[in-house]
Structures are given as C-alpha cells and as structure tokens.
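**Student:** Provided herewith is a single structure, encoded as structure tokens, for subsequent inquiry.
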Amino acid sequence: MYIVKHRKIFLAGSIILIGVAIYALFSFGLNLGSDFTGGTILEIEYNTSRPVMSELKTSLDALNLPSLSVQPVREKGLLLKTKVITEAEKEKVDLVLSQEGKSLFTEKRFSEVGPTLGKELTRKGLIAISLVVILIILFIAVAFRQISAHHMQSWKYGIVSIVALVHDILISAGAMALLGYFYGAEADALFLTALLAILGLSINNTIVVFDRIRENLNRHSSNDFAEVTGISINDTYVRSINTTLTTVVVLVSLYLFGPESTRFFSVILLVGMVAGTYSSIAVAPSLLVSWEAWQRNKALAKAKK
Amino acid sequence: MTKIRFWAIALILAGILIGYFNYYSEINPQWSFYRPFHLGLDLSGGSRLIYEADVTELKPADVADAMSSLREVIERRVNVFGVSEPLVQTESSALSGTLQNRLIVELPGVTDVKEASKMIAATPELEFMVEGATSTPNSEASSTPWLVTGLTGRFLKRSQVSFSQNSLSPSISIEFNDEGAKLFAEITKVSVGKRVAILLDGQIISAPVVREEIRDGKAEISGQFTVEEAKTLVRDLNLGALPVPVSLASTEIVGATLGSEAAEKGVEAGLIGLLIVAIFMILWYRLPGLIAVISLSIYVMIMLAIFKLIPVTLTAAGIAGFILSIGIAVDANVLIFERLHEELKKGKALHDAIREGFSRAWTSIRDSNMSSIISAAILFWFGTSLIKGFALTFALGVVVSMFTAITITRTLLLALNFRGRAGVVNFLFGSAFFKTLK
C-alpha cells in the first residue's frame, strides 16, 4: 500500500529523472556513431610500439580528412575516425600511420558506412519501435479484455504500460547522452540493441504486475481499485526485484569481465533494467490508480450536476 | 508418482545428451553430426562489403531479375577466392520513396579486402562499337571515329574458346541473350560493309568487317590470342558481365584477434554471471532454486543445440538477445516459485501447492512472454541485419524458455514432491536465505 499511498512522491521522482534525461538529451545530445551517421572507423595495433601521437596527428592533419579524430587505445593501439573516404585516401592514411613502413601495425577493425545505410538504420529502428508500441497496446487491450468489467477499460492498461516504456527508454537514452558527454561513449548499433532489449523487458515487467491486478480484481471482494493495486504490488515486488537482480548480476559481470565493445552496452542495459523495474512497481500502478481516481471524480462531478 | 519421477530422470538424461551433442559436434570434424557454432563476422573476424546497385536504367519490373543474376555473377567471382563459406545476398529496402538495392558480400576470415573488393566490383568491360564515317579499308583503327552502340557485356549470355579450322590461334565465340541478339542484329543490319569493333576495357581487340546481318546473336572474336589468353579472357567475360553497375557503400573489417577476444570474453563474462545467478537462486529458493538451476542448464543446452542445428549465425547482438532470454527463463522460474510460496503459506499440501502455483503463474508468464515475442517478431521483420540477429535469438529464447518452465521445472518439482515432516518441507521450500515459511 505504501507505494499507492505515496504515489505522488514516486511519480515526482520519475518526473525529475525524466527531466534530467531530456535535459541531457537536448543539451549534450547523443554521440551518434558511424552506424547512424555514416563514416569511417579504423582501429589498429602497432606490432612493437606506437609512434608519438602528436607526430602522427600533424601528418594526418596534412591529409585534410573531413572531421578527423585520432585517439590512442591502450598501449599500442590507435583509433581513427573520419567521414567516408576514398580508397586512395585510405592508402595515404595507412602510409602515414605506418610512417612509410617504419612502424608496422595490424588492422583490427575497419568499418566504413555510407550515409544512406546510416539513415536506413535510424529509420528502420524508429519504425520498428513505433510498431512495437502500437501492437503492444492492442495486445494488452485484447489479453486483458476481461479487466474492462472493473473500473478501467483494458486499453488504458495498454497506454499506461507504454508510458512506463517511454519512461524507461527516455532514462536510458538520457544516461547514454551523459555517458557520451563525460566518457565519449558512442551511440552505435549496439546502443540501439540495448534500447530494444529494454523495451522488451519493460513491457514484460509491467505485464506481470497488471496480471496480478487482473487476478486480484477478479478474486477480491474489495471494490477499492487503489487497495487492490496496492495488494498486487505487494504480491509481485519480490519477484520483480529478484528477476532484476539476476539480470543485473549478469550485466555487472559482462561489464567487469566482458569485451570492451559491450562495456557501455551493459551500463545502458543496467540503467534500463533498474528504471524498468522501478516503473513497473511504482510508476505504472500509480498512474493507473491516479487515472482511476480522476475518472471517478469526473463521473461524480457529472452526477452532481 | 513413479511415472513422473521416470519422466524427470528422462528429462535430465536428455539434457545431458544434448549437452554432449553440443560439445562433441563442436570438437570432432570427423563425426557425421559435426555442427560447429556459426559465428558472425564480428566474432570470428572477416569482412563485410555492402554494394549499392544502380538500377536507374532498368525497368522496375526487371530489377528483381537483374539483382538475382547480379548475385549469381558476384557469387561466382567470390568463389574464385577460395574463401570458406562466403555469403552473397541481395537486399532491397525503400528509403524515402526510392528503392535501394544492395548486395552484401561476407568473407569470413578475409581481412585484406583491397584485392577482394577490386575483383568483386571490377568488370572486364566488353563493348561493341561501329565505324562512323566510311573509311578507306586501310586506315588505322585508332583514327577511325567509333560510335557507341550501347551493346555491352551486360547482354552477354556466355562466351567460350573456339578453334576455327583455318587458323591455329584460338578465337572466342560469344553469344548474346535475347535482348542483346536483337540489338546485335540491328547493329549489323545498318552497318553491312562497315567494321564493328570489339573493345575490352577500352582496348580494341578486334574489328571485323560486317558481311551481313547477324540474327542468331552469335559472334566470334578472332584476335591474336594464345590459348592461355583466350581462356583467361573467356573466364573474365563469363564472370565479368555484371548486369547492374555497383558501387561500394560500406566496408566492415574485423580483425581475427579482436573478434575472438570479444567472443571469449563475452562467454567468460556470461558464465561468471550465470554462476552467481545459480548461487543466488539456490540460496534464495533452496530446493526449488536447485531445480531451477538444473532446468535452466537444460534450457541453455537446448538453445545451444538449436543455434547449431538451424544454424543461427551468432553475433554480439545475437548473444545479447540470448543472454536476455536467459533472464526471461529465470523470471519464469521466479514467478512460479513465488506463487508456490504463497500457496504453501496458505497451508496447502506440497503437491497441491505446486500444481496451483504453476497454474497461477502461467497467465503472467504467458502474457508477458507474448508481448516479448510480439516485439521480437516486429524487430525481426523490420530490422537491419544487426537487429534481426538480436530479435531471432531473443524470440527463440523466449519460446523455448516457456517450454522449459512449464515442462522441465514442473516435472522436476512434482517428482520431488514427498511427504516429509513439515519442518523439512518448510526448510527445503522456504525462501529468503534463512527464513522458513511460517
């Protein structure tokens, strides 16, 4: 009952978090990677030792590559980013990097994404996410149709679950913007994958709570929606926390021992998981209760007239 | 009771067998069921080249045909490299109204693509030109004004080396496709008595005089070839006639060390994480927790076997989807156990509590997983290859996890149903570390 009673505090907490996320998204923006914008990434590792960075930079600057950035990676590696370049330019870059054959290196990764492919990833990602949202509302409206006999129609549950979803996605994206700003994390295709995973789990969590509300509405004699919702939260929060805990353990392990390429990925998933659990326990049920109360007050006011 | 215990043992044995299959099919190439994991380029190292095809000159109805013959031509070229398991596929997608046609070439293990990309996109360009103004029979070919006819290697059906009876040097006979034959007939019709030049990569290799209209779409190039030259030329022409011009849109190369490093570390991290999850489950849920661990192990074995058998190409995103699905599988068990506790707290007998717990947990498992499957299906349908990889393993995982939760966990729990003293039941089925049920 605690959450339902103090739902305004919990909702306020969420609103503050979302505010921070939106602020971060607008003022720092996402550090979009070449997967989305198109561009070239080259990662190499020198066989013996890396030449002096400043020297490399000066000779690379002389090539006049569009929006070039070079940074050292670990002891012997180097990461170079620029826009799409021609083959001839690539050969020149190789020549500079190897100091005309004096410092040999191996190419660990080279990726060049044309701008149309990048646009397509963005577009397809957005279409997919919007379709998911619409179908989930429909699915909940149908799967929970019996619930419409009590207090609220089932599609309202669908809307609330989507609000919870947007909450989770916004907070995760905001976290990505912060990571990008402070640690140079790049929002690449893997980030999109993380968002998709968060999307799946967020709905999963919310539905478990809704399922319990559905069951309790059918079983309990109480006609107080807030009370039934409170009981349902009590019934499910151990499960929600335990499930999240197990996933968090795997993600922390992925962060600590996993490959470097999935480091930010695991951080974003962690943020999304925690936000998702919070929203399924605190945000979605609170919104339902508030919506139901508002609906009832409106009906009362109408009846008085 | 005996029956259910029999099934429980059968399930565990099946799990062990599948695990053995997974192991043995990985290490023994001689075995007839040798099915190693299919690792994506990002994990195994290799390169992916994406070409954009320029179909602006084709009629919309012909695009699909042209793309599939493009795929065939490129596949033939790629096979020349001797790369193991290359992949050539076409993809079309609408972007802001215009249809983009792409060709994706994946070369596992190849990290130097300079040569490869040249050979893939390069076209030995065959061209036919006709003499412009009538010239004196003895004039040099280079000073003749040659007119473009539009007849190119695109219309080539096949070429082969042939030996004419009255000359020792081989010639090359070419055959046009229907469209090309028509064009060739027209060209020869209007230029009887003139010369037609056959150019390869801009060089005139032969310029015979046309004696009559040629209707059957066949022509012969008789230059001064050696047998070797003729053979190479025929190969290039056959491999070479790209039906659609292509340009490189994206290159992705992952060094072998980076890929295997990522795969190894990912697996290691996953194992450590799962081990901690297993310990947590056993400490928190005790006997049911142990059962969950067994059931989840069987789940993982089934998934790995599915990856091998379909086969699913495992990428970093795909593995992320799989790990997430393990989370969902754990969740199904957690949901069941929480319900089981509730029923036990109400004072139900263990057997009834297990059955009741399952049926109550089932609706939430079903509905929450259905929503996951819906999202995965859409992502698979709409996504780019990376998103598809994620969606596929995730969806498979969710479906299989529903199955393992309701069959394996359930059977094992029911098999353990015993009439012990209440204290023992309370301890074994209690939860939250050291609390018993009452």
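Residue numbers start at 1 in each chain; chains themselves are named A, B, ... in the order of the structure tokens; ligands are numbered from 1 in the order shown.
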I want to know what sits within 10 Å of Ser385 (chain B), based on only C-alpha atoms, with residues of the same chain fewer than 6 positions away left out; could you give that as a list in words?

**Tutor:**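 Returned residues: Leu121 of chain A; Ala317 and Ala391 of chain B.
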
**Student:** Using DSSP on the backbone, list every residue of region 223-426 of chain B that comes out as strand (DSSP E or B), and give them as a ChimeraX atom specification.

**Tutor:** /B:246-254,313-314

**Student:** Sorted by chain and rising residue number, which residues of chain B lie within 8 Å of chain A, and what are their closest atom pairs and distances in Å to one decimal, counting only C-alpha atoms, as a Markdown table?

**Tutor:**
| residue | atom | partner | partner_atom | distance |
| --- | --- | --- | --- | --- |
| B:Leu95 | CA | A:Glu120 | CA | 6.7 |
| B:Ala249 | CA | A:Gly114 | CA | 5.0 |
| B:Ser250 | CA | A:Val113 | CA | 4.4 |
| B:Thr251 | CA | A:Glu112 | CA | 4.7 |
| B:Glu252 | CA | A:Ser111 | CA | 3.9 |
| B:Ile253 | CA | A:Phe110 | CA | 4.7 |
| B:Val254 | CA | A:Arg109 | CA | 4.4 |
| B:Gly255 | CA | A:Lys108 | CA | 4.2 |
| B:Ala256 | CA | A:Lys108 | CA | 7.5 |
| B:Thr257 | CA | A:Lys108 | CA | 7.3 |
| B:Leu258 | CA | A:Lys108 | CA | 6.1 |
| B:Glu261 | CA | A:Pro259 | CA | 7.1 |
| B:Ala262 | CA | A:Pro259 | CA | 4.9 |
| B:Ala263 | CA | A:Pro259 | CA | 7.7 |
| B:Lys265 | CA | A:Gly258 | CA | 4.8 |
| B:Gly266 | CA | A:Gly258 | CA | 4.8 |
| B:Val267 | CA | A:Gly258 | CA | 7.8 |
| B:Glu268 | CA | A:Gly258 | CA | 7.1 |
| B:Ala269 | CA | A:Leu254 | CA | 4.9 |
| B:Gly270 | CA | A:Val250 | CA | 6.4 |
| B:Ile272 | CA | A:Ser253 | CA | 6.5 |
| B:Gly273 | CA | A:Val250 | CA | 4.1 |
| B:Leu274 | CA | A:Val250 | CA | 6.4 |
| B:Ile276 | CA | A:Val249 | CA | 7.1 |
| B:Val277 | CA | A:Thr246 | CA | 5.5 |
| B:Phe280 | CA | A:Thr246 | CA | 7.9 |
| B:Ala317 | CA | A:Thr193 | CA | 6.8 |
| B:Gly321 | CA | A:Ala197 | CA | 7.5 |
| B:Leu324 | CA | A:Ala197 | CA | 7.4 |
| B:Gly327 | CA | A:Thr247 | CA | 5.6 |
| B:Val330 | CA | A:Thr243 | CA | 7.0 |
| B:Asp331 | CA | A:Thr243 | CA | 5.4 |
| B:Val334 | CA | A:Arg239 | CA | 6.2 |
| B:Leu335 | CA | A:Arg239 | CA | 6.2 |
| B:Glu338 | CA | A:Arg239 | CA | 6.7 |
| B:Thr363 | CA | A:Asp211 | CA | 7.2 |
| B:Ser364 | CA | A:Val208 | CA | 5.3 |
| B:Ile365 | CA | A:Val208 | CA | 7.6 |
| B:Asp367 | CA | A:Ile207 | CA | 7.0 |
| B:Ser368 | CA | A:Asn204 | CA | 4.6 |
| B:Asn369 | CA | A:Asn204 | CA | 6.7 |
| B:Ser371 | CA | A:Ile136 | CA | 6.4 |
| B:Ser372 | CA | A:Gly200 | CA | 5.3 |
| B:Ile374 | CA | A:Val132 | CA | 7.3 |
| B:Ser375 | CA | A:Val132 | CA | 5.3 |
| B:Ala376 | CA | A:Gly200 | CA | 7.8 |
| B:Ile378 | CA | A:Ala128 | CA | 6.2 |
| B:Leu379 | CA | A:Ala128 | CA | 5.7 |
| B:Phe382 | CA | A:Ala128 | CA | 5.9 |
| B:Gly383 | CA | A:Lys124 | CA | 6.0 |
| B:Thr384 | CA | A:Leu121 | CA | 6.6 |
| B:Leu386 | CA | A:Ala189 | CA | 7.5 |
| B:Ile387 | CA | A:Thr193 | CA | 6.6 |
| B:Phe390 | CA | A:Thr193 | CA | 7.1 |

**Student:** Just to be explicit: take each residue in the selection above, keep N, CA and C atoms, and write the result as a compact mmCIF listing (two decimals), in the first residue's frame.

**Tutor:**
# COMPACT_ATOMS: atom_id res chain seq x y z
N LEU B 95 13.83 3.57 -49.07
CA LEU B 95 14.26 4.67 -48.21
C LEU B 95 13.74 5.95 -48.82
N ALA B 249 29.32 0.72 -50.83
CA ALA B 249 28.66 1.65 -49.92
C ALA B 249 29.20 1.52 -48.51
N SER B 250 29.66 0.36 -48.16
CA SER B 250 30.12 0.18 -46.80
C SER B 250 31.10 -0.98 -46.71
N THR B 251 32.13 -0.79 -45.91
CA THR B 251 33.11 -1.84 -45.69
C THR B 251 33.23 -2.06 -44.20
N GLU B 252 33.27 -3.28 -43.80
CA GLU B 252 33.46 -3.54 -42.39
C GLU B 252 34.44 -4.68 -42.25
N ILE B 253 35.52 -4.41 -41.53
CA ILE B 253 36.51 -5.46 -41.36
C ILE B 253 36.78 -5.63 -39.87
N VAL B 254 36.69 -6.84 -39.40
CA VAL B 254 37.02 -7.11 -38.02
C VAL B 254 38.20 -8.06 -38.01
N GLY B 255 39.28 -7.62 -37.38
CA GLY B 255 40.45 -8.47 -37.29
C GLY B 255 40.13 -9.72 -36.49
N ALA B 256 40.81 -10.82 -36.81
CA ALA B 256 40.50 -12.09 -36.16
C ALA B 256 40.73 -12.02 -34.66
N THR B 257 41.77 -11.29 -34.24
CA THR B 257 42.06 -11.26 -32.80
C THR B 257 40.97 -10.51 -32.05
N LEU B 258 40.55 -9.38 -32.63
CA LEU B 258 39.51 -8.59 -31.96
C LEU B 258 38.25 -9.42 -31.81
N GLU B 261 38.67 -12.31 -29.32
CA GLU B 261 38.78 -11.72 -27.99
C GLU B 261 37.39 -11.41 -27.45
N ALA B 262 36.58 -10.76 -28.31
CA ALA B 262 35.24 -10.39 -27.90
C ALA B 262 34.42 -11.63 -27.56
N ALA B 263 34.52 -12.66 -28.42
CA ALA B 263 33.74 -13.87 -28.18
C ALA B 263 34.16 -14.54 -26.88
N LYS B 265 35.79 -13.31 -24.22
CA LYS B 265 35.47 -12.53 -23.03
C LYS B 265 33.98 -12.53 -22.77
N GLY B 266 33.18 -12.46 -23.84
CA GLY B 266 31.74 -12.47 -23.69
C GLY B 266 31.26 -13.76 -23.04
N VAL B 267 31.80 -14.89 -23.52
CA VAL B 267 31.40 -16.19 -22.96
C VAL B 267 31.82 -16.28 -21.51
N GLU B 268 33.06 -15.82 -21.24
CA GLU B 268 33.57 -15.87 -19.87
C GLU B 268 32.67 -15.06 -18.94
N ALA B 269 32.36 -13.83 -19.37
CA ALA B 269 31.52 -12.97 -18.54
C ALA B 269 30.15 -13.59 -18.32
N GLY B 270 29.60 -14.19 -19.40
CA GLY B 270 28.29 -14.82 -19.28
C GLY B 270 28.33 -15.95 -18.27
N ILE B 272 30.44 -16.43 -15.71
CA ILE B 272 30.58 -15.93 -14.34
C ILE B 272 29.24 -15.42 -13.84
N GLY B 273 28.57 -14.63 -14.70
CA GLY B 273 27.27 -14.10 -14.32
C GLY B 273 26.28 -15.20 -13.98
N LEU B 274 26.23 -16.23 -14.83
CA LEU B 274 25.28 -17.31 -14.61
C LEU B 274 25.59 -18.08 -13.34
N ILE B 276 26.89 -16.90 -10.61
CA ILE B 276 26.40 -16.12 -9.48
C ILE B 276 24.89 -16.21 -9.39
N VAL B 277 24.23 -16.17 -10.56
CA VAL B 277 22.78 -16.29 -10.56
C VAL B 277 22.38 -17.64 -9.97
N PHE B 280 22.75 -17.59 -6.26
CA PHE B 280 21.67 -16.79 -5.69
C PHE B 280 20.36 -17.58 -5.67
N ALA B 317 25.28 -8.96 -31.01
CA ALA B 317 23.90 -8.60 -30.71
C ALA B 317 23.06 -9.86 -30.47
N GLY B 321 20.88 -10.97 -27.16
CA GLY B 321 19.50 -11.45 -27.15
C GLY B 321 19.36 -12.76 -26.40
N LEU B 324 19.67 -12.17 -22.65
CA LEU B 324 18.41 -11.58 -22.18
C LEU B 324 17.34 -12.66 -22.03
N GLY B 327 17.56 -14.39 -18.91
CA GLY B 327 16.91 -13.61 -17.87
C GLY B 327 15.42 -13.91 -17.81
N VAL B 330 14.86 -17.33 -16.31
CA VAL B 330 14.97 -17.27 -14.85
C VAL B 330 13.68 -16.68 -14.28
N ASP B 331 13.19 -15.66 -14.95
CA ASP B 331 11.99 -14.99 -14.47
C ASP B 331 10.81 -15.94 -14.38
N VAL B 334 11.21 -17.84 -11.29
CA VAL B 334 10.96 -17.00 -10.11
C VAL B 334 9.46 -16.80 -9.91
N LEU B 335 8.76 -16.52 -11.00
CA LEU B 335 7.31 -16.34 -10.91
C LEU B 335 6.64 -17.57 -10.32
N GLU B 338 7.55 -17.98 -6.51
CA GLU B 338 6.86 -17.02 -5.65
C GLU B 338 5.42 -17.48 -5.41
N THR B 363 -0.50 -17.52 -16.33
CA THR B 363 -1.05 -16.40 -17.11
C THR B 363 -0.04 -15.26 -17.22
N SER B 364 0.68 -15.01 -16.13
CA SER B 364 1.62 -13.89 -16.24
C SER B 364 2.81 -14.28 -17.10
N ILE B 365 3.23 -15.55 -17.04
CA ILE B 365 4.33 -15.97 -17.92
C ILE B 365 3.87 -15.86 -19.37
N ASP B 367 1.37 -14.05 -20.79
CA ASP B 367 1.13 -12.71 -21.33
C ASP B 367 2.40 -11.88 -21.45
N SER B 368 3.27 -11.99 -20.44
CA SER B 368 4.48 -11.18 -20.53
C SER B 368 5.37 -11.69 -21.67
N ASN B 369 5.42 -13.01 -21.83
CA ASN B 369 6.25 -13.54 -22.91
C ASN B 369 5.64 -13.28 -24.29
N SER B 371 4.09 -10.63 -25.13
CA SER B 371 4.47 -9.27 -25.52
C SER B 371 5.92 -9.23 -25.99
N SER B 372 6.78 -10.03 -25.34
CA SER B 372 8.18 -10.06 -25.79
C SER B 372 8.27 -10.65 -27.18
N ILE B 374 5.97 -10.61 -29.49
CA ILE B 374 5.47 -9.63 -30.46
C ILE B 374 6.56 -8.63 -30.80
N SER B 375 7.22 -8.09 -29.77
CA SER B 375 8.24 -7.09 -30.10
C SER B 375 9.37 -7.72 -30.90
N ALA B 376 9.77 -8.94 -30.52
CA ALA B 376 10.87 -9.57 -31.25
C ALA B 376 10.48 -9.83 -32.70
N ILE B 378 8.41 -8.15 -34.59
CA ILE B 378 8.44 -6.91 -35.38
C ILE B 378 9.88 -6.50 -35.67
N LEU B 379 10.71 -6.62 -34.66
CA LEU B 379 12.10 -6.25 -34.86
C LEU B 379 12.74 -7.12 -35.92
N PHE B 382 11.36 -5.99 -39.39
CA PHE B 382 11.70 -4.67 -39.87
C PHE B 382 13.16 -4.31 -39.75
N GLY B 383 13.86 -5.08 -38.94
CA GLY B 383 15.19 -4.63 -38.57
C GLY B 383 16.22 -4.81 -39.66
N THR B 384 17.36 -4.15 -39.46
CA THR B 384 18.52 -4.41 -40.29
C THR B 384 19.16 -5.69 -39.77
N LEU B 386 21.66 -6.42 -38.04
CA LEU B 386 22.07 -6.44 -36.65
C LEU B 386 20.87 -6.64 -35.72
N ILE B 387 19.80 -5.90 -35.98
CA ILE B 387 18.60 -6.01 -35.15
C ILE B 387 17.98 -7.40 -35.31
N PHE B 390 19.63 -9.95 -33.13
CA PHE B 390 19.17 -9.85 -31.75
C PHE B 390 17.78 -10.45 -31.59

**Student:** Need the shell around region 182-196 of chain B: protein/DNA/RNA residues with any atom at most 9 Å away, counting only C-alpha atoms. Skip same-chain ones fewer than 4 positions apart. Format as a list of chain:residue names?

**Tutor:**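 Here the qualifying residues turn out to be B:Phe128, B:Met129, B:Val130, B:Glu131, B:Gly132, B:Ala133, B:Thr134, B:Ser135, B:Trp146, B:Thr149, B:Gly150, B:Leu151, B:Phe176, B:Asn177, B:Asp178, B:Ser206, B:Ala207, B:Pro208, B:Val209, B:Val210, B:Arg211, B:Glu212, B:Glu213, B:Ile214, B:Arg215, B:Asp216, B:Gly217, B:Lys218.
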
**Student:** Give the answer as one residue: which of A:Ile169, A:Asn234, A:Leu269, A:Leu138 has the shortest atom-to-atom distance to Tyr157 (chain A), using only C-alpha atoms?

**Tutor:**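 So, comparing all the options, the nearest one is A:Leu138.
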
**Student:** Which is closer to Val400 (chain B) than all the others in B:Leu412, B:Gly357, B:Leu296, B:Ala316, using only C-alpha atoms?

**Tutor:**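 Distance minimum relative to Val400 (chain B) lands on B:Leu296.
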
**Student:** Hey, which of A:Leu30, A:Ile231, A:Ile134, A:Ala164 ends up closest to Leu287 (chain A)? Count only C-alpha atoms.

**Tutor:**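 Result for the nearest residue to Leu287 (chain A): A:Ala164.
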
**Student:** Would you pick out the contacts of Ser172 (chain A) at 8 Å or less, using only C-alpha atoms, so that residues sharing its chain but fewer than 6 positions from it are not included, and give the list as a ChimeraX atom specification?

**Tutor:** /A:21,195,268-269,271-272,275

**Student:** What's the separation between CA of Lys59 (chain B) and CA of Leu103 (chain B), in Å to one decimal place?

**Tutor:**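 Those two atoms sit 18.7 Å apart.
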
**Student:** What lies within 10 Å of region 13-16 of chain B using only C-alpha atoms, ignoring chain neighbours under 6 positions off, as a PyMOL selection string?

**Tutor:** chain B and resi 7+22+294-295+297-302

**Student:** Find the residues around Leu39 (chain B) up to 7 Å (only C-alpha atoms counted), leave out those fewer than 6 positions away in its own chain, and share them as a PyMOL selection string.

**Tutor:** chain B and resi 313-315

**Student:** Could you take the residues named above and write them with N, CA and C atoms, as a PDB file, in the first residue's frame?

**Tutor:**
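As written to disk, out_12.pdb reads:
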ATOM      1  N   THR B 313      23.409 -17.713 -37.018  1.00  0.00           N
ATOM      2  CA  THR B 313      24.702 -17.038 -37.009  1.00  0.00           C
ATOM      3  C   THR B 313      24.788 -16.155 -35.768  1.00  0.00           C
ATOM      4  N   LEU B 314      25.750 -16.456 -34.915  1.00  0.00           N
ATOM      5  CA  LEU B 314      25.843 -15.735 -33.641  1.00  0.00           C
ATOM      6  C   LEU B 314      26.688 -14.483 -33.787  1.00  0.00           C
ATOM      7  N   THR B 315      26.087 -13.354 -33.488  1.00  0.00           N
ATOM      8  CA  THR B 315      26.822 -12.094 -33.476  1.00  0.00           C
ATOM      9  C   THR B 315      26.786 -11.563 -32.054  1.00  0.00           C
TER      10      THR B 315
END

**Student:** With 9 Å as the cut-off and only C-alpha atoms counted, what is the closest atom pair between each nearby residue of region 13-47 of chain A and region 92-104 of chain A? Distances in Å to one decimal, ordered by chain and number, as JSON lines.

**Tutor:**
{"residue": "A:Glu45", "atom": "CA", "partner": "A:Leu104", "partner_atom": "CA", "distance": 8.7}
{"residue": "A:Tyr46", "atom": "CA", "partner": "A:Leu104", "partner_atom": "CA", "distance": 5.9}
{"residue": "A:Asn47", "atom": "CA", "partner": "A:Leu104", "partner_atom": "CA", "distance": 5.9}

**Student:** Find the residues near Val4 (chain A): any atom within 10 Å, counting only C-alpha atoms, skip ones fewer than 5 places away on the same chain, and give them as a PyMOL selection string.

**Tutor:** chain A and resi 9-10+226-231+233+281-283+285-290

**Student:** Identify, with DSSP run on backbone atoms, the residues in region 10-256 of chain B assigned to helix (DSSP H, G or I), and express the list as a ChimeraX atom specification.

**Tutor:** /B:10-27,41-44,60-81,113-121,141-143,153-155,178-190,227-240,256

**Student:** One decimal, in Å: what's the spacing between CA of Ser69 (chain A) and CA of Lys114 (chain B)?

**Tutor:**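 Distance between the two atoms: 23.5 Å.
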
**Student:** When you count only C-alpha atoms, which of these residues is closest to Phe26 (chain A): A:Val163, A:Ala299, A:Ala293, A:Ala173?

**Tutor:**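 Distance minimum relative to Phe26 (chain A) lands on A:Ala173.
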